[in-house]
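Report on the structure given below.
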Amino acid sequence: MWRLFPQKNKYVQEEAEFHFDPAGTIPKHVAIIMDGNGRWAQNRRLPRIAGHQEGMETVKTVTKHASKIGIKVLTLYAFSTENWKRPTEEVNFLMQLPVDFFDKFVPELIKENVKVHVMGYTEFLPAHTQDAVKRAIEQTKNNTGMVLNFALNYGSRAELVTATQAIVKKAQAEGIAAETIDESMIADHLMTGFLPVDLRDPELLIRTSGEERISNFLLWQIAYSELFFTDALWPDFNGELLEMAVASFQNRNRRFGGLNLPVADEHQVTE
């Protein structure tokens with residue numbers, strides 16, 4: 001209903017550079033920094049909380065579409081460890097959103113065979129928020145389709161500190177030598193460690209609202225992710241824009257630090 005209000009800066013659909021191929025390579029894990037709710041509301045001369053409420057409707061739309069096109073894991077940055085600095089009224093509203101969202105959306109998630117997971121320092125969330133999260137996880141635990149993974153009270157630097165502390169404790173208790181600590185062990189102790197190894201790292205990271213920064217999100221896991229930035233504010237994001245991001249991914253040359261040389265050039269030496 002909020003879309004009936006006049007906008008000061010109306011979003012215009014971006015022109016697609018590439019076309020989405022449903023039969024092409026689909027990124028198994030997509031992560032999204034959902035940015036721009038407040039600006040969306042301000043453009044309509046509405047309170048910021050109206051933007052967050054509309055943003056939850058976008059989560060529903062994007063979740064269904066991601067599942068439809070074959071994405072295996074969708075990780076959404078819902079609330080960072082730094083977001084506690086926001087006004088108390090806004091934080092309280094954000095803590096209520098998961099309650100309203102899951103109560104209304106879980107039946108649809110079950111129908112879509114989507115499994116809910118939440119990563120972050122959830123023990124510091126209000127009791128009613130924790131209860132809503134636990135119910136959603138429990139109610140969808142038998143689903144076998146896409147994993148909808150919310151990063152809630154999450155910060156990547158804090159995650160790395162926590163992982164390091166856990167590894168040190170493990171090393172002290174089990175007598176593990178320092179030289180045996182490798183990337184695999186670190187990945188096992190990160191908050192994405194619940195996922196199968198081939199799904200832990202996002203292949204595609206999307207950020208909305210025109211900002212081009214990572215904002216303390218999945219710093220380890222996105223080492224080789226493809227990045228896609230769009231000017232669309234999160235409430236204006238939709239399935240078509242998700243396909244645009246995936247289309248861009250489908251046209252990237254992913255080398256992981258190596259070279260993809262034509263056969264005739266495979267013996268050439270390059271600097």
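A note on labels: chains of the structure tokens are A, B, ... as shown, every chain counts residues from 1, and ligands are counted from 1 in their shown order.
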
Can you pull out every residue within 12 Å of Asp182 in chain A, counting only C-alpha atoms, but drop anything in the same chain fewer than 6 positions away, and send it as a list in words? Thr164, Ile167, Ile176, Asp188 and His189 of chain A

Hey, can you spit out that residue selection with C-alpha atoms as an mmCIF file, in the first residue's frame?
data_model
loop_
_atom_site.group_PDB
_atom_site.id
_atom_site.type_symbol
_atom_site.label_atom_id
_atom_site.label_comp_id
_atom_site.auth_asym_id
_atom_site.auth_seq_id
_atom_site.Cartn_x
_atom_site.Cartn_y
_atom_site.Cartn_z
ATOM 1 C CA THR A 164 39.577 -17.982 15.980
ATOM 2 C CA ILE A 167 39.969 -22.979 17.073
ATOM 3 C CA ILE A 176 46.437 -29.562 17.654
ATOM 4 C CA ASP A 188 34.316 -25.182 9.456
ATOM 5 C CA HIS A 189 34.190 -22.751 12.400
#

Find the nearest atom pair between each residue of range 55-125 of chain A and range 220-240 of chain A for residues within 6 Å, count only C-alpha atoms, give distances in Å to one decimal, sort rows by chain and ascending number, and present the table as a tab-separated table.
residue	atom	partner	partner_atom	distance
A:Gly55	CA	A:Pro235	CA	4.7
A:Thr58	CA	A:Pro235	CA	5.6
A:Val62	CA	A:Gly239	CA	5.7
A:His65	CA	A:Gly239	CA	5.6

Residue set, range 38-153 of chain A restricted to helix (DSSP H, G or I), as a VMD selection string: chain A and resid 38 to 43 48 to 69 83 to 85 88 to 111 122 to 124 127 to 139

Kindly give the distance, in Å, that separates CA of Arg254 in chain A and CA of Ile71 in chain A, rounded to a single decimal.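 Separation of CA of Arg254 in chain A and CA of Ile71 in chain A: 18.1 Å.
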
In range 79-262 of chain A, DSSP strand (DSSP E) residues written as a ChimeraX atom specification: /A:79-80,115-119,147-154,204-207,226-229

Take the residues just selected and output them with N, CA and C atoms as an mmCIF file, in the first residue's frame.
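The file below, part21.cif, is the result:
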data_model
loop_
_atom_site.group_PDB
_atom_site.id
_atom_site.type_symbol
_atom_site.label_atom_id
_atom_site.label_comp_id
_atom_site.auth_asym_id
_atom_site.auth_seq_id
_atom_site.Cartn_x
_atom_site.Cartn_y
_atom_site.Cartn_z
ATOM 1 N N PHE A 79 20.253 -7.784 9.682
ATOM 2 C CA PHE A 79 20.557 -6.875 10.792
ATOM 3 C C PHE A 79 21.998 -7.119 11.212
ATOM 4 N N SER A 80 22.799 -6.068 11.185
ATOM 5 C CA SER A 80 24.214 -6.219 11.506
ATOM 6 C C SER A 80 24.486 -5.932 12.977
ATOM 7 N N LYS A 115 13.852 -24.034 3.353
ATOM 8 C CA LYS A 115 14.308 -24.281 4.723
ATOM 9 C C LYS A 115 14.928 -23.017 5.297
ATOM 10 N N VAL A 116 14.502 -22.605 6.491
ATOM 11 C CA VAL A 116 14.991 -21.389 7.129
ATOM 12 C C VAL A 116 16.189 -21.691 8.027
ATOM 13 N N HIS A 117 17.203 -20.847 7.926
ATOM 14 C CA HIS A 117 18.321 -20.873 8.856
ATOM 15 C C HIS A 117 18.645 -19.437 9.233
ATOM 16 N N VAL A 118 19.123 -19.237 10.434
ATOM 17 C CA VAL A 118 19.516 -17.899 10.886
ATOM 18 C C VAL A 118 20.911 -17.993 11.476
ATOM 19 N N MET A 119 21.821 -17.143 10.994
ATOM 20 C CA MET A 119 23.171 -17.117 11.548
ATOM 21 C C MET A 119 23.454 -15.735 12.126
ATOM 22 N N VAL A 147 17.792 -23.104 0.853
ATOM 23 C CA VAL A 147 18.020 -22.629 2.220
ATOM 24 C C VAL A 147 17.919 -21.106 2.222
ATOM 25 N N LEU A 148 16.997 -20.574 3.016
ATOM 26 C CA LEU A 148 16.865 -19.132 3.210
ATOM 27 C C LEU A 148 17.594 -18.793 4.500
ATOM 28 N N ASN A 149 18.762 -18.219 4.356
ATOM 29 C CA ASN A 149 19.668 -18.001 5.480
ATOM 30 C C ASN A 149 19.720 -16.509 5.826
ATOM 31 N N PHE A 150 19.162 -16.152 6.969
ATOM 32 C CA PHE A 150 19.184 -14.767 7.417
ATOM 33 C C PHE A 150 20.415 -14.504 8.275
ATOM 34 N N ALA A 151 21.137 -13.439 7.962
ATOM 35 C CA ALA A 151 22.226 -12.970 8.818
ATOM 36 C C ALA A 151 21.622 -11.930 9.752
ATOM 37 N N LEU A 152 21.414 -12.318 10.997
ATOM 38 C CA LEU A 152 20.667 -11.503 11.957
ATOM 39 C C LEU A 152 21.530 -11.272 13.198
ATOM 40 N N ASN A 153 21.817 -10.015 13.480
ATOM 41 C CA ASN A 153 22.825 -9.640 14.477
ATOM 42 C C ASN A 153 24.152 -10.294 14.115
ATOM 43 N N TYR A 154 24.539 -10.061 12.872
ATOM 44 C CA TYR A 154 25.735 -10.666 12.298
ATOM 45 C C TYR A 154 26.755 -9.590 11.956
ATOM 46 N N LEU A 204 27.766 -15.232 -5.866
ATOM 47 C CA LEU A 204 27.307 -13.914 -6.288
ATOM 48 C C LEU A 204 26.868 -13.121 -5.066
ATOM 49 N N LEU A 205 27.404 -11.900 -4.936
ATOM 50 C CA LEU A 205 26.998 -10.976 -3.876
ATOM 51 C C LEU A 205 26.339 -9.764 -4.522
ATOM 52 N N ILE A 206 25.129 -9.467 -4.091
ATOM 53 C CA ILE A 206 24.358 -8.338 -4.617
ATOM 54 C C ILE A 206 24.205 -7.288 -3.523
ATOM 55 N N ARG A 207 24.388 -6.024 -3.888
ATOM 56 C CA ARG A 207 24.054 -4.941 -2.958
ATOM 57 C C ARG A 207 23.144 -3.950 -3.672
ATOM 58 N N GLU A 226 31.496 -13.023 -7.193
ATOM 59 C CA GLU A 226 31.238 -11.966 -8.174
ATOM 60 C C GLU A 226 30.342 -10.928 -7.498
ATOM 61 N N LEU A 227 30.634 -9.648 -7.704
ATOM 62 C CA LEU A 227 29.891 -8.569 -7.056
ATOM 63 C C LEU A 227 28.972 -7.886 -8.067
ATOM 64 N N PHE A 228 27.758 -7.581 -7.611
ATOM 65 C CA PHE A 228 26.788 -6.893 -8.467
ATOM 66 C C PHE A 228 26.137 -5.785 -7.658
ATOM 67 N N PHE A 229 26.279 -4.556 -8.141
ATOM 68 C CA PHE A 229 25.687 -3.404 -7.461
ATOM 69 C C PHE A 229 24.580 -2.810 -8.331
#

Calculate how many Å separate CA of Glu159 in chain A from CA of Glu211 in chain A, rounding to one decimal. 23.1 Å

Could I get the residues of range 145-245 of chain A with an atom no further than 8 Å from an atom of range 20-27 of chain A, each paired with its nearest atom pair and that distance in Å to one decimal, using only C-alpha atoms, sorted by chain and residue number, as JSON lines?
{"residue": "A:Pro202", "atom": "CA", "partner": "A:Pro27", "partner_atom": "CA", "distance": 7.9}
{"residue": "A:Glu203", "atom": "CA", "partner": "A:Pro27", "partner_atom": "CA", "distance": 5.7}
{"residue": "A:Leu204", "atom": "CA", "partner": "A:Pro27", "partner_atom": "CA", "distance": 6.5}
{"residue": "A:Glu243", "atom": "CA", "partner": "A:Phe20", "partner_atom": "CA", "distance": 5.8}
{"residue": "A:Met244", "atom": "CA", "partner": "A:Phe20", "partner_atom": "CA", "distance": 6.3}

Can you write out the residues you just picked, keeping all heavy atoms, as a compact mmCIF listing (two decimals), in the first residue's frame?
# COMPACT_ATOMS: atom_id res chain seq x y z
N PRO A 202 29.34 -17.66 -1.14
CA PRO A 202 28.47 -17.13 -2.19
C PRO A 202 29.23 -16.98 -3.50
O PRO A 202 30.37 -16.51 -3.52
CB PRO A 202 28.06 -15.75 -1.66
CG PRO A 202 28.28 -15.82 -0.18
CD PRO A 202 29.45 -16.74 0.01
N GLU A 203 28.63 -17.40 -4.57
CA GLU A 203 29.22 -17.17 -5.88
C GLU A 203 28.87 -15.77 -6.39
O GLU A 203 29.58 -15.21 -7.21
CB GLU A 203 28.71 -18.22 -6.87
CG GLU A 203 29.20 -19.62 -6.56
CD GLU A 203 28.54 -20.65 -7.44
OE1 GLU A 203 27.37 -20.98 -7.23
OE2 GLU A 203 29.23 -21.13 -8.37
N LEU A 204 27.77 -15.23 -5.87
CA LEU A 204 27.31 -13.91 -6.29
C LEU A 204 26.87 -13.12 -5.07
O LEU A 204 26.08 -13.60 -4.25
CB LEU A 204 26.13 -14.05 -7.26
CG LEU A 204 25.42 -12.77 -7.70
CD1 LEU A 204 26.38 -11.85 -8.47
CD2 LEU A 204 24.19 -13.10 -8.54
N GLU A 243 17.20 -11.66 -11.69
CA GLU A 243 17.62 -12.31 -12.93
C GLU A 243 18.69 -11.49 -13.65
O GLU A 243 19.61 -12.03 -14.27
CB GLU A 243 16.42 -12.54 -13.84
CG GLU A 243 15.47 -13.62 -13.34
CD GLU A 243 14.38 -13.94 -14.35
OE1 GLU A 243 14.40 -13.36 -15.46
OE2 GLU A 243 13.51 -14.77 -14.02
N MET A 244 18.59 -10.16 -13.56
CA MET A 244 19.60 -9.29 -14.18
C MET A 244 20.96 -9.53 -13.52
O MET A 244 21.99 -9.60 -14.20
CB MET A 244 19.19 -7.82 -14.03
CG MET A 244 20.16 -6.86 -14.70
SD MET A 244 19.80 -5.11 -14.33
CE MET A 244 18.18 -4.96 -15.06

Pick out the closest residue to Val197 in chain A from this set: A:Ser184, A:Thr63, A:Thr88, A:Ser209. Count only C-alpha atoms. A:Ser184
